[in-house]
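Dumped work_17.csv below, it's CSV, C-alpha atoms:
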chain,number,residue,atom,x,y,z
N,1,MET,CA,85.2,139.1,187.0
N,2,LYS,CA,84.4,142.2,185.0
N,3,LYS,CA,84.1,140.2,181.8
N,4,VAL,CA,81.8,137.7,183.5
N,5,LEU,CA,79.6,140.5,184.8
N,6,LYS,CA,79.6,142.0,181.3
N,7,TRP,CA,78.5,138.8,179.7
N,8,ILE,CA,75.8,138.3,182.3
N,9,GLY,CA,74.6,141.8,181.6
N,10,ILE,CA,74.5,141.1,177.9
N,11,ALA,CA,72.7,137.8,178.4
N,12,LEU,CA,70.1,139.4,180.6
N,13,GLY,CA,69.6,142.3,178.3
N,14,SER,CA,69.2,139.9,175.4
N,15,LEU,CA,66.6,137.9,177.4
N,16,VAL,CA,64.7,141.1,178.3
N,17,GLY,CA,64.7,142.1,174.6
N,18,LEU,CA,63.4,138.7,173.5
N,19,ILE,CA,60.6,138.9,176.1
N,20,LEU,CA,59.6,142.4,174.9
N,21,LEU,CA,59.7,141.3,171.3
N,22,ALA,CA,57.5,138.3,172.0
N,23,ALA,CA,55.1,140.5,174.0
N,24,ALA,CA,54.9,142.9,171.0
N,25,VAL,CA,54.3,140.1,168.6
N,26,MET,CA,51.5,138.7,170.8
N,27,ALA,CA,49.9,142.2,171.2
N,28,LEU,CA,50.0,142.6,167.4
N,29,THR,CA,48.4,139.2,167.0
N,30,ALA,CA,45.6,140.1,169.4
N,31,ASN,CA,45.0,143.4,167.5
N,32,ALA,CA,44.7,141.5,164.3
N,33,ARG,CA,42.1,139.2,165.8
N,34,LEU,CA,40.2,142.1,167.4
N,35,ASN,CA,40.1,144.0,164.0
N,36,LYS,CA,39.5,141.1,161.7
N,37,THR,CA,36.5,141.5,159.4
N,38,TYR,CA,33.9,138.7,159.1
N,39,ASP,CA,31.0,138.1,156.8
N,40,PHE,CA,28.2,135.5,157.2
N,41,PRO,CA,25.1,134.6,155.2
N,42,PRO,CA,22.0,136.6,156.2
N,43,SER,CA,19.4,134.9,158.3
N,44,ASP,CA,16.5,136.9,156.8
N,45,ILE,CA,14.6,136.9,160.0
N,46,THR,CA,11.1,138.5,159.8
N,47,LEU,CA,10.2,140.5,162.9
N,48,PRO,CA,6.8,139.8,164.4
N,49,THR,CA,4.3,142.6,165.0
N,50,ASP,CA,1.7,140.9,167.2
N,51,GLN,CA,1.4,141.9,170.8
N,52,ALA,CA,2.0,138.4,172.1
N,53,SER,CA,5.4,138.2,170.4
N,54,LEU,CA,6.4,141.6,171.6
N,55,GLU,CA,5.5,140.6,175.1
N,56,PHE,CA,7.6,137.5,174.8
N,57,GLY,CA,10.4,139.5,173.4
N,58,ARG,CA,10.2,141.8,176.5
N,59,HIS,CA,10.3,138.8,178.7
N,60,ARG,CA,13.4,137.4,177.1
N,61,VAL,CA,15.1,140.8,177.1
N,62,GLU,CA,14.4,141.2,180.8
N,63,VAL,CA,16.1,137.8,181.5
N,64,LEU,CA,18.9,137.8,178.9
N,65,CYS,CA,19.8,141.5,178.2
N,66,ALA,CA,18.8,143.9,181.0
N,67,GLY,CA,21.4,142.5,183.5
N,68,CYS,CA,24.3,143.7,181.3
N,69,HIS,CA,22.7,146.6,179.3
N,70,GLY,CA,20.6,148.1,182.1
N,71,PRO,CA,16.9,148.1,182.7
N,72,ASP,CA,16.4,150.8,180.1
N,73,LEU,CA,18.9,149.0,177.7
N,74,GLY,CA,20.9,152.2,177.7
N,75,GLY,CA,24.2,150.5,178.4
N,76,ILE,CA,26.4,150.4,181.5
N,77,GLU,CA,29.7,152.2,181.8
N,78,ALA,CA,32.6,150.1,183.2
N,79,TRP,CA,30.5,147.0,183.0
N,80,PHE,CA,33.9,145.3,183.4
N,81,SER,CA,36.9,147.3,184.8
N,82,ASN,CA,40.3,146.1,185.9
N,83,PRO,CA,43.4,148.3,186.0
N,84,ALA,CA,45.5,145.5,184.6
N,85,LEU,CA,43.2,144.4,181.8
N,86,GLY,CA,41.2,147.4,180.8
N,87,ARG,CA,37.6,148.4,180.6
N,88,ILE,CA,34.4,147.4,178.8
N,89,ASP,CA,31.2,149.4,178.6
N,90,SER,CA,28.1,147.5,177.7
N,91,ALA,CA,26.4,148.8,174.6
N,92,ASN,CA,23.4,151.2,174.5
N,93,LEU,CA,20.9,149.0,172.6
N,94,THR,CA,18.3,151.7,172.0
N,95,SER,CA,17.9,154.2,169.1
N,96,GLY,CA,19.1,157.1,171.2
N,97,GLU,CA,22.4,159.0,170.8
N,98,GLY,CA,25.2,156.5,171.1
N,99,GLY,CA,22.8,153.6,170.7
N,100,PHE,CA,23.2,150.5,168.6
N,101,GLY,CA,19.6,151.0,167.4
N,102,ARG,CA,20.7,154.2,165.7
N,103,GLU,CA,23.8,152.6,164.2
N,104,ALA,CA,22.1,149.5,162.9
N,105,ALA,CA,21.0,149.8,159.3
N,106,SER,CA,18.9,146.7,159.2
N,107,VAL,CA,17.5,143.8,161.2
N,108,GLU,CA,20.4,141.8,160.0
N,109,ASP,CA,22.8,144.0,162.0
N,110,TYR,CA,21.1,142.9,165.2
N,111,VAL,CA,21.3,139.2,164.0
N,112,ARG,CA,25.0,139.6,163.3
N,113,ALA,CA,25.6,141.0,166.8
N,114,VAL,CA,23.6,138.3,168.7
N,115,ARG,CA,24.2,135.3,166.6
N,116,HIS,CA,27.7,135.9,165.2
N,117,GLY,CA,29.3,138.4,167.6
N,118,ILE,CA,30.2,141.1,165.0
N,119,ASP,CA,29.3,144.7,164.6
N,120,PRO,CA,27.7,146.3,161.5
N,121,GLU,CA,31.2,146.6,160.0
N,122,GLY,CA,31.9,142.9,160.5
N,123,LYS,CA,34.4,143.3,163.4
N,124,PRO,CA,34.3,141.3,166.6
N,125,LEU,CA,32.2,142.3,169.5
N,126,PHE,CA,33.4,141.4,173.0
N,127,MET,CA,29.9,140.4,174.1
N,128,PRO,CA,30.1,137.1,176.1
N,129,ALA,CA,26.4,136.6,175.8
N,130,VAL,CA,26.9,135.7,172.1
N,131,ILE,CA,28.0,132.2,173.2
N,132,SER,CA,24.4,131.6,174.3
N,133,GLY,CA,22.6,134.1,172.0
N,134,ALA,CA,23.8,132.2,169.0
N,135,ASN,CA,21.5,129.3,170.1
N,136,LEU,CA,18.3,131.5,170.1
N,137,SER,CA,15.8,130.3,167.6
N,138,ASP,CA,14.8,132.5,164.7
N,139,GLU,CA,11.4,133.1,166.3
N,140,ASP,CA,12.8,134.0,169.7
N,141,LEU,CA,15.5,136.2,168.2
N,142,GLY,CA,13.0,138.0,166.0
N,143,ALA,CA,10.8,138.7,169.1
N,144,ILE,CA,13.8,140.0,171.0
N,145,ILE,CA,14.8,142.3,168.2
N,146,ALA,CA,11.3,143.6,167.7
N,147,TYR,CA,11.0,144.4,171.3
N,148,VAL,CA,14.4,146.1,171.5
N,149,GLN,CA,13.4,148.3,168.5
N,150,SER,CA,10.2,149.3,170.3
N,151,VAL,CA,11.8,150.6,173.6
N,152,PRO,CA,12.2,154.4,174.1
N,153,PRO,CA,15.5,155.9,172.9
N,154,VAL,CA,18.1,156.6,175.6
N,155,ASP,CA,20.8,159.1,174.9
N,156,HIS,CA,23.9,157.6,176.3
N,157,VAL,CA,27.3,157.3,174.6
N,158,THR,CA,29.3,154.3,175.7
N,159,HIS,CA,32.9,153.5,174.6
N,160,GLY,CA,33.0,149.8,173.9
N,161,ARG,CA,36.2,148.0,174.9
N,162,ASN,CA,39.5,149.4,175.8
N,163,PHE,CA,42.0,146.6,176.5
N,164,THR,CA,45.5,147.1,178.0
N,165,PRO,CA,48.6,145.6,176.3
N,166,LEU,CA,48.6,142.9,179.0
N,167,ALA,CA,45.0,141.9,178.2
N,168,LYS,CA,46.0,141.6,174.5
N,169,ILE,CA,49.0,139.5,175.4
N,170,MET,CA,46.7,137.2,177.5
N,171,LEU,CA,44.2,137.0,174.6
N,172,ALA,CA,46.9,136.0,172.2
N,173,ALA,CA,48.2,133.4,174.7
N,174,GLY,CA,44.8,131.9,175.1
N,175,ILE,CA,44.4,132.8,178.7
N,176,LEU,CA,41.2,134.8,178.0
N,177,GLY,CA,39.8,132.2,175.7
N,178,GLN,CA,38.3,132.8,172.3
N,179,LEU,CA,36.4,135.8,171.1
N,180,PRO,CA,32.7,135.1,170.8
N,181,VAL,CA,32.9,135.2,167.0
N,182,GLU,CA,35.6,132.6,167.1
N,183,ALA,CA,33.7,130.3,169.4
N,184,VAL,CA,30.1,130.0,168.0
N,185,SER,CA,29.0,127.8,165.1
N,186,HIS,CA,27.4,130.6,163.0
N,187,GLU,CA,24.3,128.7,162.0
N,188,VAL,CA,22.1,130.7,159.6
N,189,HIS,CA,18.8,129.4,161.0
N,190,VAL,CA,18.1,128.0,164.4
N,191,ALA,CA,15.0,126.1,165.5
N,192,ALA,CA,13.8,125.2,169.0
N,193,SER,CA,11.4,122.6,170.4
N,194,ALA,CA,7.9,123.8,171.4
N,195,PRO,CA,7.9,125.9,174.6
N,196,GLY,CA,6.7,123.9,177.6
N,197,ALA,CA,7.8,121.9,180.7
N,198,THR,CA,9.8,119.3,178.8
N,199,VAL,CA,13.4,118.1,178.9
N,200,GLU,CA,13.9,119.2,175.3
N,201,TYR,CA,12.8,122.8,176.0
N,202,GLY,CA,14.8,122.7,179.2
N,203,GLU,CA,17.9,122.0,177.1
N,204,TYR,CA,17.1,124.9,174.9
N,205,MET,CA,16.7,127.2,177.8
N,206,VAL,CA,20.0,126.1,179.3
N,207,ASN,CA,21.8,126.6,176.0
N,208,THR,CA,20.4,130.1,175.6
N,209,ASN,CA,20.9,131.5,179.1
N,210,ASP,CA,24.6,131.3,179.8
N,211,CYS,CA,24.4,128.2,182.0
N,212,ARG,CA,27.2,126.5,180.2
N,213,VAL,CA,29.3,129.7,180.0
N,214,CYS,CA,29.6,129.7,183.8
N,215,HIS,CA,29.0,126.0,184.8
N,216,GLY,CA,31.0,124.4,182.1
N,217,PRO,CA,30.1,122.7,178.8
N,218,GLU,CA,29.0,119.6,180.7
N,219,LEU,CA,27.3,121.6,183.5
N,220,ASN,CA,29.5,120.0,186.2
N,221,GLY,CA,31.2,123.2,187.1
N,222,GLY,CA,34.3,125.0,186.0
N,223,PRO,CA,36.4,128.1,186.4
N,224,TYR,CA,34.4,131.3,186.4
N,225,PRO,CA,34.5,132.9,183.0
N,226,ASP,CA,36.0,136.2,184.4
N,227,PRO,CA,39.7,135.3,184.8
N,228,THR,CA,40.0,137.9,187.6
N,229,ILE,CA,37.6,136.0,189.8
N,230,LYS,CA,39.2,132.8,191.1
N,231,ILE,CA,36.3,130.6,191.9
N,232,VAL,CA,35.0,127.2,190.7
N,233,THR,CA,31.3,127.2,189.8
N,234,PRO,CA,29.1,124.4,191.2
N,235,ASN,CA,28.1,121.1,189.6
N,236,LEU,CA,24.5,121.3,188.2
N,237,THR,CA,24.3,117.6,187.3
N,238,PRO,CA,22.9,114.9,189.6
N,239,GLY,CA,26.5,114.5,190.8
N,240,GLY,CA,26.3,117.8,192.6
N,241,GLU,CA,24.2,119.4,195.3
N,242,LEU,CA,21.1,119.7,193.2
N,243,VAL,CA,20.6,115.9,193.6
N,244,SER,CA,19.2,116.5,197.1
N,245,TRP,CA,16.9,119.4,196.1
N,246,THR,CA,13.3,119.2,195.2
N,247,GLU,CA,11.7,121.0,192.3
N,248,ASP,CA,10.1,123.5,194.7
N,249,GLN,CA,13.5,124.2,196.3
N,250,PHE,CA,15.0,124.8,192.9
N,251,PHE,CA,12.3,127.3,192.1
N,252,ALA,CA,12.8,129.0,195.5
N,253,ALA,CA,16.6,129.3,195.0
N,254,LEU,CA,16.2,131.1,191.7
N,255,ARG,CA,13.3,133.2,192.9
N,256,THR,CA,14.8,134.3,196.3
N,257,GLY,CA,18.5,133.8,195.9
N,258,ALA,CA,18.8,131.4,198.8
N,259,THR,CA,19.6,127.7,198.5
N,260,PRO,CA,17.9,125.0,200.7
N,261,SER,CA,21.0,125.1,203.0
N,262,GLY,CA,20.6,128.8,203.5
N,263,HIS,CA,23.5,129.8,201.3
N,264,ALA,CA,22.9,133.2,199.7
N,265,LEU,CA,23.6,133.4,196.0
N,266,ASP,CA,25.8,136.4,195.0
N,267,PRO,CA,23.8,138.2,192.2
N,268,ALA,CA,27.1,139.5,190.9
N,269,LEU,CA,28.3,136.0,190.2
N,270,MET,CA,25.0,134.1,189.7
N,271,PRO,CA,22.3,136.4,188.1
N,272,TRP,CA,19.4,134.9,190.0
N,273,LYS,CA,17.6,138.2,190.0
N,274,ASP,CA,17.4,138.0,186.2
N,275,TYR,CA,16.5,134.3,186.3
N,276,SER,CA,13.8,134.9,188.9
N,277,LYS,CA,11.8,136.4,186.0
N,278,PHE,CA,11.6,133.0,184.2
N,279,TYR,CA,8.0,131.7,183.7
N,280,ASP,CA,7.1,128.7,185.8
N,281,ASP,CA,7.1,126.3,182.8
N,282,GLU,CA,10.6,127.6,181.8
N,283,LEU,CA,12.0,126.9,185.3
N,284,GLN,CA,10.3,123.5,185.3
N,285,ALA,CA,11.8,122.7,181.9
N,286,ILE,CA,15.3,123.6,183.1
N,287,TRP,CA,14.8,121.5,186.2
N,288,LEU,CA,13.7,118.5,184.2
N,289,TYR,CA,16.6,118.8,181.9
N,290,LEU,CA,19.2,119.1,184.7
N,291,GLN,CA,17.6,116.0,186.4
N,292,SER,CA,18.0,114.1,183.1
N,293,LEU,CA,21.8,114.7,182.9
N,294,PRO,CA,24.3,111.9,183.7
N,295,LYS,CA,25.8,112.0,187.1
N,296,LEU,CA,29.2,113.8,186.8
N,297,GLU,CA,31.8,114.6,189.4
N,298,GLN,CA,32.4,118.2,190.3
N,299,TYR,CA,35.0,119.9,188.2
N,300,LYS,CA,38.1,120.7,190.2

The structure given in the file should be rewritten as C-alpha cells.
Amino acid sequence: MKKVLKWIGIALGSLVGLILLAAAVMALTANARLNKTYDFPPSDITLPTDQASLEFGRHRVEVLCAGCHGPDLGGIEAWFSNPALGRIDSANLTSGEGGFGREAASVEDYVRAVRHGIDPEGKPLFMPAVISGANLSDEDLGAIIAYVQSVPPVDHVTHGRNFTPLAKIMLAAGILGQLPVEAVSHEVHVAASAPGATVEYGEYMVNTNDCRVCHGPELNGGPYPDPTIKIVTPNLTPGGELVSWTEDQFFAALRTGATPSGHALDPALMPWKDYSKFYDDELQAIWLYLQSLPKLEQYK
C-alpha cells in the first residue's frame, strides 16, 4: 500500500510540475507577444487646419474617444480592473505630464496608435478601439488628431496595462482573443464614402464605431468582448428586435437609452450616451445600413 501511495504521489507531483511548466511557457509566449516590436509604412496624413475640420474632429472624438479617455482626454485610472486578470488605465491623450501628446514625436505616432495599435516604440497597445479605429479614413483620422492636439494639456500620469500571470496564460491560450495589432489589416491609406444618409456611409459608421466589436462581425450578436461579463449581445440585423422598430424609435433608443419596449440600455455595456452625440444624418445612415443587412438568426 505504501508503494502504491508513493507512486500516486510521484504521479501527482509530476502532473503538477507539467502543469506549472506549461503555464510558465504560456506566460512567456504572452510576454513575447506583448513586447514584440512592429513597423509599418507611414501614412503621411496631413492634418487640417480649418475650423470646420477641427469641429468635425471634436465631434468624432466626443463619440469615439471621450468614453474611454475621459471628457478632458486625460485618461481614466482602472478603466478595466479585475483581481484575477489585472488592471488597465486608459491613456492620457493630451500634451500634459504623462500624456501621449507629450510622448508622441510626430503625427505618425498618433496614426500608428489608432490605425495599427502600437506605441511610438512599435510595441503593442492594448486599446480595443483600434479594431474600429483602423477603419477611419485618412481625412477623419487627420481631423481627430488635429483636434486632440488642440485640447488643453492635462497633467495626469496613468500606468497603461498590468496583466496578471493568469491573464497572460489566457492570452496565450486564445481566450482573450488577439491583440489589436494582430487583428487589423494595417492599411496605409483608408478612404470613405461621402458623408450623408446613405447605406454606404452607414456601413462606414458601423465599421468605425465598435458595433462589430460588441455585436459580432455579422452584427447578429455575440459574446461580450470583456470575458468577465457573461452576456450575449443582441442581433442588429433584420433577424433581431430591430425589425419591428421604426427609424424614429431607433433614434430615440440611441438618444435616450430606452428601447421601444421600455428596456433601459446599460451605458456601461452599450455606450448610448456617446452615440447620442451622432449627427442626425449619421444615425440615419447607420439605420439604413442595418436595414439593408440579410436576416440572420441571433447568435447563441

Find the residues around Ile169 of chain N up to 7 Å (all atoms listed in the file counted), leave out those fewer than 6 positions away in its own chain, and share them as a ChimeraX atom specification.
-> /N:23,26-27,30

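What separates atom CA of Trp272 of chain N from atom CA of Ile118 of chain N is a distance of 27.9 Å.
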
Contacts of segment 287-290 of chain N at 6 Å or less, counting all atoms listed in the file, minus same-chain residues fewer than 6 places along, as a PyMOL selection string?
-> chain N and resi 199+202-203+237

Would you save the residues of that selection, restricted to C-alpha atoms, as a compact mmCIF listing (two decimals), in the coordinates of the input?
# COMPACT_ATOMS: atom_id res chain seq x y z
CA VAL N 199 13.40 118.10 178.90
CA GLY N 202 14.80 122.70 179.20
CA GLU N 203 17.90 122.00 177.10
CA THR N 237 24.30 117.60 187.30

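With distances restricted to only C-alpha atoms, N:Met127 is the closest residue to Cys68 of chain N from N:Val157, N:Met127, N:Leu171, N:Val190.
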
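The interatomic distance for the pair atom CA of Tyr299 of chain N and atom CA of Pro227 of chain N works out to 16.5 Å.
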
Here atom CA of Ser137 of chain N and atom CA of Trp79 of chain N stand apart by 27.1 Å

For His263 of chain N, please output as a PyMOL selection string all residues within 10 Å (counting all atoms listed in the file; exclusion window: fewer than 5 positions along the same chain).
-> chain N and resi 253+257-258

Give me the residues within 7 Å of segment 196-198 of chain N as a VMD selection string, counting all atoms listed in the file and dropping any in the same chain fewer than 2 places off.
-> chain N and resid 194 200 to 202 281 to 282 284 to 285 288

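Of the residues under consideration (N:Leu125, N:Leu85, N:Val63, N:Ala172), N:Val63 shows the shortest atom-to-atom contact distance to Tyr279 of chain N when counting all atoms listed in the file.
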
Across N:Asn220, N:Ser53, N:Asn235, N:Thr29, the smallest distance to Ile145 of chain N, with all atoms listed in the file counted, is shown by N:Ser53

Would you kindly identify which residues have an atom no farther than 10 Å from (31.5, 131.8, 170.2), using all atoms listed in the file and the file's own coordinates, and write them out as number ranges by chain?
-> N: 115-117, 127-134, 177-186

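Nearest residue to Asn135 of chain N, choosing from N:Glu297, N:Asp210, N:Asp226, N:Asp248 and counting all atoms listed in the file: N:Asp210.
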
Name all residues at most 8 Å from Ala191 of chain N (count all atoms listed in the file; drop same-chain ones fewer than 5 positions away) and give them as a short mmCIF file (atom, residue, chain, number, x, y, z; two decimals) with C-alpha atoms, keeping the file's coordinate frame.
data_model
loop_
_atom_site.label_atom_id
_atom_site.label_comp_id
_atom_site.auth_asym_id
_atom_site.auth_seq_id
_atom_site.Cartn_x
_atom_site.Cartn_y
_atom_site.Cartn_z
CA LEU N 136 18.30 131.50 170.10
CA SER N 137 15.80 130.30 167.60
CA ASP N 138 14.80 132.50 164.70
CA GLU N 139 11.40 133.10 166.30
#

With distances taken over only C-alpha atoms, which of N:Ser150, N:Thr233, N:Thr94, N:Ser276 is nearest to His215 of chain N?
-> N:Thr233
